[in-house]
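upload-v1.cif follows (mmCIF, C-alpha atoms):
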data_my_file
#
loop_
_atom_site.label_atom_id
_atom_site.label_comp_id
_atom_site.auth_asym_id
_atom_site.auth_seq_id
_atom_site.Cartn_x
_atom_site.Cartn_y
_atom_site.Cartn_z
CA MET B 35 112.90 91.05 70.81
CA ASP B 36 114.07 88.79 73.64
CA GLU B 37 111.58 85.99 74.26
CA GLY B 38 111.84 86.38 78.03
CA ASN B 39 110.36 89.85 77.83
CA HIS B 40 107.38 90.47 75.54
CA SER B 41 107.11 94.18 76.40
CA VAL B 42 105.68 96.38 73.67
CA VAL B 43 105.42 99.48 75.89
CA LEU B 44 108.24 101.93 75.14
CA GLU B 45 107.10 104.75 77.41
CA PHE B 46 104.72 105.47 80.26
CA VAL B 47 102.34 108.38 80.73
CA PHE B 48 101.76 109.89 84.17
CA LEU B 49 98.17 110.96 84.75
CA GLY B 50 99.38 113.26 87.52
CA LEU B 51 97.53 114.52 90.57
CA SER B 52 94.76 116.55 88.94
CA THR B 53 93.56 117.86 85.59
CA SER B 54 92.44 121.19 87.10
CA ARG B 55 94.91 124.02 86.43
CA GLU B 56 93.91 125.76 89.67
CA ILE B 57 94.64 122.66 91.75
CA GLN B 58 97.87 122.09 89.83
CA LEU B 59 98.99 125.65 90.60
CA LEU B 60 98.12 125.18 94.28
CA LEU B 61 100.04 121.89 94.38
CA PHE B 62 102.97 123.54 92.60
CA LEU B 63 103.21 126.31 95.22
CA PHE B 64 102.68 123.87 98.09
CA SER B 65 105.36 121.47 96.81
CA CYS B 66 107.87 124.25 96.11
CA VAL B 67 107.53 125.70 99.62
CA TYR B 68 107.94 122.37 101.40
CA TYR B 69 110.67 121.14 99.06
CA MET B 70 112.74 124.30 99.61
CA ALA B 71 112.17 124.05 103.37
CA SER B 72 113.29 120.41 103.35
CA LEU B 73 116.26 121.22 101.13
CA MET B 74 117.53 124.10 103.25
CA GLY B 75 116.78 122.40 106.57
CA ASN B 76 118.47 119.11 105.72
CA LEU B 77 121.48 120.90 104.24
CA LEU B 78 121.71 122.90 107.46
CA ILE B 79 121.68 119.68 109.51
CA VAL B 80 124.47 118.14 107.41
CA LEU B 81 126.60 121.30 107.60
CA THR B 82 125.99 121.66 111.34
CA VAL B 83 126.94 118.07 112.18
CA THR B 84 130.03 118.04 109.95
CA SER B 85 131.32 121.42 111.14
CA ASP B 86 130.62 121.22 114.89
CA PRO B 87 133.01 118.95 116.86
CA ARG B 88 130.48 118.83 119.73
CA LEU B 89 128.13 116.83 117.48
CA GLN B 90 130.62 114.14 116.44
CA SER B 91 128.65 111.39 118.15
CA PRO B 92 126.92 108.34 116.61
CA MET B 93 123.42 109.78 117.03
CA TYR B 94 124.21 112.97 115.11
CA LEU B 95 126.28 111.19 112.45
CA LEU B 96 123.33 108.88 111.78
CA LEU B 97 121.01 111.90 111.72
CA ALA B 98 123.24 113.69 109.18
CA ASN B 99 123.20 110.65 106.90
CA LEU B 100 119.42 110.42 107.28
CA SER B 101 119.25 114.05 106.13
CA ILE B 102 121.39 113.23 103.08
CA ILE B 103 119.03 110.38 102.17
CA ASP B 104 115.98 112.63 102.62
CA LEU B 105 117.62 115.21 100.36
CA MET B 106 118.25 112.63 97.64
CA PHE B 107 114.76 111.13 97.90
CA CYS B 108 112.74 114.34 97.91
CA SER B 109 114.93 115.77 95.12
CA SER B 110 114.13 112.76 92.93
CA THR B 111 110.38 112.69 93.68
CA ALA B 112 109.26 116.18 94.66
CA LEU B 113 111.24 117.81 91.83
CA LYS B 114 109.71 115.34 89.35
CA MET B 115 106.25 116.25 90.59
CA ILE B 116 106.97 120.01 90.46
CA TYR B 117 108.38 119.69 86.93
CA ASP B 118 105.44 117.62 85.69
CA LEU B 119 102.91 120.04 87.16
CA LEU B 120 104.14 122.53 84.55
CA ARG B 121 103.91 120.07 81.65
CA GLU B 122 100.93 119.03 79.59
CA CYS B 123 102.44 115.73 78.38
CA LYS B 124 103.93 113.80 81.29
CA THR B 125 105.79 110.92 79.62
CA ILE B 126 108.85 108.90 80.61
CA SER B 127 110.72 106.23 78.67
CA PHE B 128 110.72 102.60 79.82
CA GLY B 129 114.46 102.69 80.60
CA SER B 130 114.23 105.97 82.54
CA PHE B 131 111.30 104.60 84.51
CA VAL B 132 113.27 101.51 85.58
CA ALA B 133 116.35 103.63 86.40
CA HIS B 134 114.22 105.96 88.53
CA ILE B 135 112.74 103.02 90.45
CA PHE B 136 116.23 101.64 91.08
CA PHE B 137 117.45 105.01 92.38
CA ILE B 138 114.45 105.55 94.69
CA HIS B 139 114.80 102.12 96.29
CA ALA B 140 118.59 102.34 96.47
CA VAL B 141 118.04 105.51 98.53
CA ARG B 142 115.03 104.49 100.62
CA SER B 143 116.33 101.06 101.65
CA PRO B 144 119.35 102.52 103.50
CA GLU B 145 116.89 104.76 105.36
CA MET B 146 115.20 101.66 106.80
CA VAL B 147 118.57 100.37 108.01
CA LEU B 148 119.48 103.79 109.43
CA LEU B 149 116.20 103.97 111.36
CA ILE B 150 117.00 100.55 112.87
CA ALA B 151 120.53 101.76 113.69
CA MET B 152 119.10 104.89 115.35
CA ALA B 153 116.70 102.72 117.36
CA PHE B 154 119.67 100.59 118.49
CA ASP B 155 121.57 103.77 119.40
CA ARG B 156 118.66 104.98 121.57
CA TYR B 157 118.28 101.51 123.09
CA VAL B 158 121.92 101.53 124.20
CA ALA B 159 121.73 105.16 125.40
CA ILE B 160 118.58 104.56 127.49
CA CYS B 161 118.93 100.92 128.55
CA LYS B 162 122.74 100.68 128.92
CA PRO B 163 123.91 104.28 129.47
CA LEU B 164 127.14 103.31 131.29
CA HIS B 165 128.24 101.17 128.34
CA TYR B 166 127.16 103.58 125.59
CA LEU B 167 130.64 104.83 124.66
CA THR B 168 132.06 101.31 124.47
CA ILE B 169 129.14 99.88 122.46
CA MET B 170 128.36 102.78 120.08
CA THR B 171 131.85 103.58 118.88
CA LEU B 172 132.64 105.69 115.83
CA ARG B 173 133.85 102.57 114.03
CA LYS B 174 130.55 100.78 114.68
CA CYS B 175 128.65 103.84 113.47
CA ILE B 176 130.61 103.86 110.20
CA LEU B 177 129.93 100.13 109.81
CA PHE B 178 126.20 100.86 110.18
CA LEU B 179 126.42 103.52 107.46
CA VAL B 180 128.40 101.35 105.03
CA ALA B 181 126.11 98.37 105.66
CA SER B 182 123.00 100.50 105.08
CA TRP B 183 124.16 101.53 101.60
CA ILE B 184 125.31 98.03 100.66
CA ILE B 185 121.99 96.56 101.82
CA GLY B 186 120.16 99.32 99.94
CA LEU B 187 121.89 98.52 96.66
CA ILE B 188 121.39 94.78 97.07
CA HIS B 189 117.74 95.28 97.99
CA SER B 190 117.12 97.53 94.99
CA GLU B 191 118.82 95.14 92.58
CA THR B 192 116.90 92.17 94.03
CA GLN B 193 113.58 93.95 93.62
CA LEU B 194 114.28 94.87 90.01
CA ALA B 195 115.38 91.30 89.28
CA PHE B 196 111.82 90.18 90.08
CA VAL B 197 110.12 92.64 87.76
CA VAL B 198 112.51 93.73 85.01
CA ASP B 199 111.48 90.83 82.75
CA LEU B 200 107.73 91.27 83.21
CA SER B 201 105.66 91.69 80.06
CA PHE B 202 104.01 95.04 79.35
CA CYS B 203 101.44 94.92 76.57
CA GLY B 204 99.43 98.03 77.48
CA PRO B 205 97.91 100.23 78.69
CA ASN B 206 100.80 102.51 79.64
CA ASP B 207 98.92 105.09 81.76
CA LEU B 208 100.15 105.48 85.36
CA ASP B 209 97.72 107.01 87.83
CA SER B 210 100.60 108.57 89.76
CA PHE B 211 103.22 111.33 89.54
CA PHE B 212 106.47 109.41 90.13
CA CYS B 213 108.01 106.02 89.43
CA ASP B 214 107.60 103.20 91.90
CA LEU B 215 107.20 99.44 91.87
CA PRO B 216 103.50 99.08 92.84
CA TRP B 217 102.34 101.05 89.79
CA PHE B 218 104.97 99.40 87.59
CA ILE B 219 103.81 95.90 88.59
CA LYS B 220 100.13 96.76 88.15
CA LEU B 221 100.70 97.58 84.48
CA ALA B 222 102.36 94.22 83.78
CA CYS B 223 100.37 91.54 81.96
CA THR B 224 101.38 89.04 84.67
CA TYR B 225 100.53 91.25 87.65
CA THR B 226 99.51 89.60 90.90
CA SER B 227 99.15 91.16 94.34
CA THR B 228 101.32 88.34 95.76
CA LEU B 229 104.21 89.45 93.58
CA GLY B 230 103.68 93.02 94.72
CA PHE B 231 103.94 92.00 98.36
CA MET B 232 106.87 89.64 97.81
CA VAL B 233 108.91 92.25 95.99
CA THR B 234 108.13 95.42 97.90
CA GLY B 235 106.27 94.63 101.09
CA PHE B 236 108.29 92.07 103.00
CA ILE B 237 111.30 94.20 103.90
CA SER B 238 109.09 97.16 104.92
CA VAL B 239 106.93 95.04 107.23
CA ALA B 240 109.95 93.19 108.67
CA SER B 241 111.85 96.44 109.36
CA PHE B 242 108.77 98.02 110.92
CA PHE B 243 108.27 95.11 113.34
CA ILE B 244 111.96 95.10 114.27
CA LEU B 245 111.65 98.78 115.17
CA ILE B 246 108.43 98.26 117.13
CA ILE B 247 110.06 95.45 119.14
CA SER B 248 113.12 97.65 119.81
CA TYR B 249 111.02 100.56 121.04
CA THR B 250 108.92 98.21 123.18
CA PHE B 251 112.08 97.08 124.99
CA ILE B 252 113.06 100.73 125.47
CA LEU B 253 109.59 101.60 126.79
CA VAL B 254 109.74 98.77 129.33
CA THR B 255 113.15 99.99 130.50
CA ILE B 256 111.93 103.60 130.79
CA GLN B 257 109.22 102.56 133.27
CA LYS B 258 111.94 101.56 135.74
CA LYS B 259 113.67 104.96 135.68
CA SER B 260 113.12 108.05 137.84
CA LEU B 261 110.47 110.60 136.84
CA GLY B 262 112.95 113.14 135.43
CA SER B 263 114.89 110.58 133.39
CA ARG B 264 111.62 109.00 132.25
CA SER B 265 110.27 112.31 130.92
CA LYS B 266 113.41 113.04 128.87
CA ALA B 267 113.61 109.49 127.51
CA LEU B 268 109.91 109.48 126.57
CA SER B 269 110.35 112.77 124.69
CA THR B 270 113.22 111.30 122.66
CA LEU B 271 111.38 108.03 122.13
CA SER B 272 108.18 109.75 120.95
CA ALA B 273 110.15 111.69 118.32
CA HIS B 274 111.72 108.51 116.95
CA VAL B 275 108.43 106.57 116.94
CA THR B 276 106.67 109.44 115.13
CA VAL B 277 109.29 109.45 112.36
CA VAL B 278 109.06 105.64 112.05
CA VAL B 279 105.26 105.83 111.65
CA LEU B 280 105.56 108.68 109.11
CA PHE B 281 108.09 106.68 107.11
CA PHE B 282 106.58 103.19 107.22
CA GLY B 283 102.88 104.11 107.22
CA PRO B 284 102.68 105.09 103.53
CA LEU B 285 105.11 102.33 102.49
CA ILE B 286 103.09 99.56 104.10
CA PHE B 287 99.88 100.99 102.63
CA PHE B 288 101.37 101.12 99.10
CA TYR B 289 102.94 97.69 99.14
CA VAL B 290 100.77 95.52 101.38
CA TRP B 291 97.24 96.93 101.51
CA PRO B 292 95.11 94.72 99.21
CA PHE B 293 92.42 97.33 98.45
CA PRO B 294 94.08 100.16 96.51
CA ALA B 295 92.30 103.52 96.45
CA SER B 296 93.53 105.98 93.84
CA HIS B 297 92.86 109.22 95.72
CA LEU B 298 94.28 107.91 98.99
CA ASP B 299 97.32 106.51 97.16
CA LYS B 300 97.99 109.93 95.65
CA PHE B 301 97.54 111.74 98.96
CA LEU B 302 99.96 109.36 100.73
CA ALA B 303 102.42 109.60 97.82
CA VAL B 304 102.47 113.40 98.10
CA PHE B 305 102.74 113.12 101.88
CA ASP B 306 105.65 110.69 101.55
CA ALA B 307 107.49 112.64 98.86
CA VAL B 308 107.02 116.19 100.14
CA LEU B 309 105.89 116.27 103.78
CA THR B 310 107.71 113.32 105.39
CA PRO B 311 111.25 114.71 104.74
CA PHE B 312 110.13 118.08 106.14
CA LEU B 313 108.39 116.60 109.21
CA SER B 314 111.34 114.28 109.94
CA LEU B 315 113.57 117.35 109.85
CA VAL B 316 111.33 119.23 112.31
CA ILE B 317 110.91 116.26 114.66
CA TYR B 318 114.54 115.13 114.78
CA ALA B 319 116.40 118.43 114.59
CA PHE B 320 114.32 121.34 115.75
CA ARG B 321 113.05 119.54 118.86
CA ASN B 322 116.65 118.79 119.86
CA LYS B 323 118.07 121.54 122.08
CA GLU B 324 121.73 120.71 121.36
CA MET B 325 121.07 120.70 117.60
CA LYS B 326 119.22 124.03 117.73
CA VAL B 327 122.08 125.69 119.63
CA ALA B 328 124.62 124.31 117.13
CA MET B 329 122.51 125.55 114.20
CA ARG B 330 122.30 129.06 115.65
CA ARG B 331 126.05 128.99 116.21
CA LEU B 332 126.67 127.97 112.59
CA CYS B 333 124.24 130.55 111.21
CA SER B 334 125.88 133.34 113.23
CA GLN B 335 129.30 132.28 111.90
CA LEU B 336 128.02 132.27 108.31
CA VAL B 337 126.48 135.74 108.73
CA LYS B 338 129.74 137.13 110.11
#
The structure in this file should be written as structure tokens.
Amino acid sequence: MDEGNHSVVLEFVFLGLSTSREIQLLLFLFSCVYYMASLMGNLLIVLTVTSDPRLQSPMYLLLANLSIIDLMFCSSTALKMIYDLLRECKTISFGSFVAHIFFIHAVRSPEMVLLIAMAFDRYVAICKPLHYLTIMTLRKCILFLVASWIIGLIHSETQLAFVVDLSFCGPNDLDSFFCDLPWFIKLACTYTSTLGFMVTGFISVASFFILIISYTFILVTIQKKSLGSRSKALSTLSAHVTVVVLFFGPLIFFYVWPFPASHLDKFLAVFDAVLTPFLSLVIYAFRNKEMKVAMRRLCSQLVK
């Protein structure tokens, strides 16, 4: 075995969410309902944006890509949880565990960049409305999308570079239901909380503060507008801020909070994997009048 990696652990065992069959069945039904709702809703958003020429604007293109990311993330985490709820032995090989971590972070990192891009889009729309079409061009929107995926891949590779050579000498029990870096690092013989923050926390905290600063600038600008414009802008802004809090809240708790609590970790993990994609869908799409009209139009066309 390579001297740089003294791992003797060949597989990991998920302890899951509960040992009670009744609770497992309840979680199974709960997860299936919300996963199917997220799946169908996000697919509907993508189909609506791509098929309706009225929605070919930067805001909706970014929203469609956010839906694609949510689809990929919840399909890799919620489906794993649903599958494991039906299994007695919840094991995963070392290589599959690392590959799953890479995939999750390669998907979630672009979402951080997209949320920043959407904040910039709203900043331009609210603070510089007369220059919106010249600043937020289709080309710039595509650059945002390409950059988000490139940054996501680089971020994921960088994170794994920190931890892939850690030593794992046992135990191999994970008090979780899906693969992620905090639990992976905790099982390493050389685990330190500083490493956990350095690898997984910095980009989350930095992105969160960038977004907070952006929305603060928008809020200051809104105060100078008329009452009618202020009401509409505040409604849009509240939706975006809610999604940001739903997304970054669990991440910051997982990666930065120095006092881990198993039950709270599990609750937030379920919330992040199952509920956040569904709530983001409801907040972004179904509160948007133009999107709702376009969805009804698409559904009526499909029925015909």
Contact residues around Thr53 in chain B with only C-alpha atoms at 12 Å, ignoring same-chain residues under 5 positions, as a list in words: Phe48, Gln58, Leu59, Leu61, Asp118, Leu119, Leu120, Arg121, Glu122, Cys123, Lys124 and Asp209 of chain B
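Nearest to Ser101 in chain B of all the residues B:Ala159, B:Val316, B:Cys213, B:Ala195 is B:Val316, based on all atoms listed in the file.
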Given the file shown, determine the residues that the PyMOL selection byres ((chain B and resi 47) around 8) selects; report them as a VMD selection string. chain B and resid 45 to 46 48 to 49 123 to 126 206 to 208
Decode the PyMOL selection byres ((chain B and resi 280) around 10) for the given file into explicit residues and return them as a VMD selection string. chain B and resid 274 to 279 281 to 285 305 to 306 309 to 311 313 to 314
Just so the selection is clear, what residues does the PyMOL selection byres ((chain B and resi 132) around 10) cover here, as a list in words? Ile126, Ser127, Phe128, Gly129, Ser130, Phe131, Ala133, His134, Ile135, Phe136, Phe137, Leu194, Val197, Val198, Cys213, Asp214, Leu215 and Phe218 of chain B
Using the file's own x, y and z axes, so that the box edges lie along x, y and z, what centre and edge lengths in Å (one decimal) does a box around every listed atom of range 155-173 of chain B get when 8 Å is added on each side? Give it as lines of an AutoDock Vina configuration file.
center_x = 126.1
center_y = 102.8
center_z = 122.7
size_x = 31.6
size_y = 21.8
size_z = 33.3
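The environment of Leu149 in chain B within 9 Å, counting all atoms listed in the file and disregarding residues fewer than 3 places along the same chain, consists of Leu96, Leu100, Pro144, Glu145, Met146, Met152, Ala153, Phe154, Ser241, Leu245, His274, Val277 and Val278 of chain B.
Closest approach to Leu172 in chain B from the set B:Val239, B:Leu95, B:Val304, B:Ala151 is made by B:Leu95, with distances taken over all atoms listed in the file.
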